[in-house]
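**Student:** Starting off with a structure, shown below.
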Amino acid sequence: MKKQFFNLPNCITFFRIIGTLCLLFMPACSTMFLLIYTLAGVTDVLDGWLARKTGTASAWGAKLDSMADLLFYAVMFIKILPMLWMKLSVGTWYAIGVILFLRVSAYTVAAIRYRQFGSLHTYLNKLTGLAVFAIPYVISLPFAALVCRIICGIAIAASGEELLLHLCRREYDPNIQTILSKKEICALFRQNHS
């Protein structure tokens with residue numbers, strides 16, 4: 001049991017949580033903010049890779065990683081929102097509302113169906129994370145609004161995919177890569193026609 005909680009990947013995830021909380025107390029997009037922000041992003045990639053390489057991946061570690069991701073997104077929303085408020089069009093804000101609705105719906109469906117918090121590590125979710133991660137670096141550039149619209153499109157696709165997977169699957173599997181894989185389509189077909 002000790003190994004599951006206190007291993008290097010989980011310690012790295014805890015570091016990301018602490019770093020994310022520190023961002024709350026720094027001016028958005030300052031040098032120190034971007035430094036800690038970048039370290040948090042690197043640890044997000046590092047912890048999962050290291051867990052797989054060392055054979056220490058666990059359901060608890062995956063949940064901890066998902067919670068760290070949600071905290072990171074919440075802090076970014078708090079810190080970056082004032083900067084985005086004037087840059088984004090009304091349509092982009094509606095898209096953000098759709099994303100939030102789909103995300104909350106997906107998490108609610110997962111909680112009801114699987115009786116646990118469920119967040120999938122799909123390719124689209126990873127792409128969304130990478131795209132959202134870029135926002136503080138591009139926020140001051142003239143094409144920031146266009147980048148944010150593209151990110152919203154990716155996030156809507158990722159959130160919709162996750163909701164569909166939670167609605168269609170009988171069992172929770174956080175490591176589904178895409179709803180479009182042959183393996184996943186066959187599994188969904190078998191589950192829904194058995």
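Residues in the structure tokens are numbered from 1 in each chain, the chains being A, B, ... in the order shown, and ligands are numbered from 1 in the order shown.
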So that each row is one residue of stretch 75-175 of chain A with an atom at most 12 Å from stretch 46-50 of chain A, can you give its shortest atom pair and the distance in Å to one decimal, using only C-alpha atoms, rows by chain and rising number, as a tab-separated table?

**Tutor:**
residue	atom	partner	partner_atom	distance
A:His121	CA	A:Gly48	CA	10.5
A:Lys126	CA	A:Gly48	CA	11.9
A:Asn175	CA	A:Gly48	CA	11.4

**Student:** Which one is closest to A:Ile156: A:Val90, A:Leu124, A:Ala111, A:Ala59? Count only C-alpha atoms.

**Tutor:**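 Looking only at the distances to A:Ile156, the closest residue turns out to be A:Leu124.
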
**Student:** Write out as a CSV table (one decimal) with C-alpha atoms, in the first residue's frame each polymer residue whose atoms come within 9 Å of A:Ile151, counting only C-alpha atoms; drop sequence neighbours fewer than 3 positions from it.

**Tutor:**
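Final file, around_12.csv:
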chain,number,residue,atom,x,y,z
A,128,THR,CA,-6.9,20.1,-25.3
A,131,ALA,CA,-3.7,23.8,-26.3
A,132,VAL,CA,-5.0,25.3,-23.1
A,146,LEU,CA,-8.1,33.2,-32.9
A,147,VAL,CA,-6.0,30.7,-30.9
A,148,CYS,CA,-8.7,30.7,-28.2
A,154,ILE,CA,-10.7,21.1,-29.7
A,155,ALA,CA,-12.1,21.3,-26.2
A,156,ILE,CA,-15.7,20.8,-27.4

**Student:** Skip A:Leu130 itself and residues of its chain fewer than 3 positions away, then list as number ranges by chain all residues within 12 Å of it, counting only C-alpha atoms.

**Tutor:** A: 38, 41-42, 44-45, 69, 73, 123-127, 133-137, 151, 154-155

**Student:** Just give me the gap between atom CA of A:Met32 and atom CA of A:Pro142 in Å, one decimal is fine.

**Tutor:** 23.1 Å

**Student:** Of the candidates A:Leu35, A:Ala157, A:Leu167, A:Ala68, which shows the shortest atom-to-atom distance to A:Thr20, using only C-alpha atoms?

**Tutor:** A:Ala68

**Student:** Which is closer to A:Ser66 than all the others in A:Ser140, A:Ser119, A:Thr13, A:Asn7, using only C-alpha atoms?

**Tutor:**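 The shortest atom-to-atom distance to A:Ser66 comes from A:Ser119.
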
**Student:** Could you tell me how far atom CA of A:Val109 sits from atom CA of A:Glu171, in Å to one decimal place?

**Tutor:**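 Atom-to-atom, atom CA of A:Glu171 to atom CA of A:Val109, that is 12.1 Å.
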
**Student:** Write out as a list of chain:residue names each polymer residue whose atoms come within 9 Å of A:Tyr172, counting only C-alpha atoms; drop sequence neighbours fewer than 3 positions from it.

**Tutor:**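 Here the answer would be A:Ala110, A:Arg113, A:Tyr114, A:Gln116, A:Gly118, A:Leu120, A:His166, A:Arg169.
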
**Student:** Using only C-alpha atoms, which of A:Leu23, A:Leu165, A:Leu8, A:Val75 sits nearest A:Ala57?

**Tutor:**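 Going through A:Leu23, A:Leu165, A:Leu8, A:Val75 one by one, the smallest distance to A:Ala57 is for A:Leu8.
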
**Student:** Using only C-alpha atoms, can you tell me which of A:Leu39, A:Phe101, A:Leu84, A:Leu70 comes closest to A:Gly129?

**Tutor:** A:Leu70
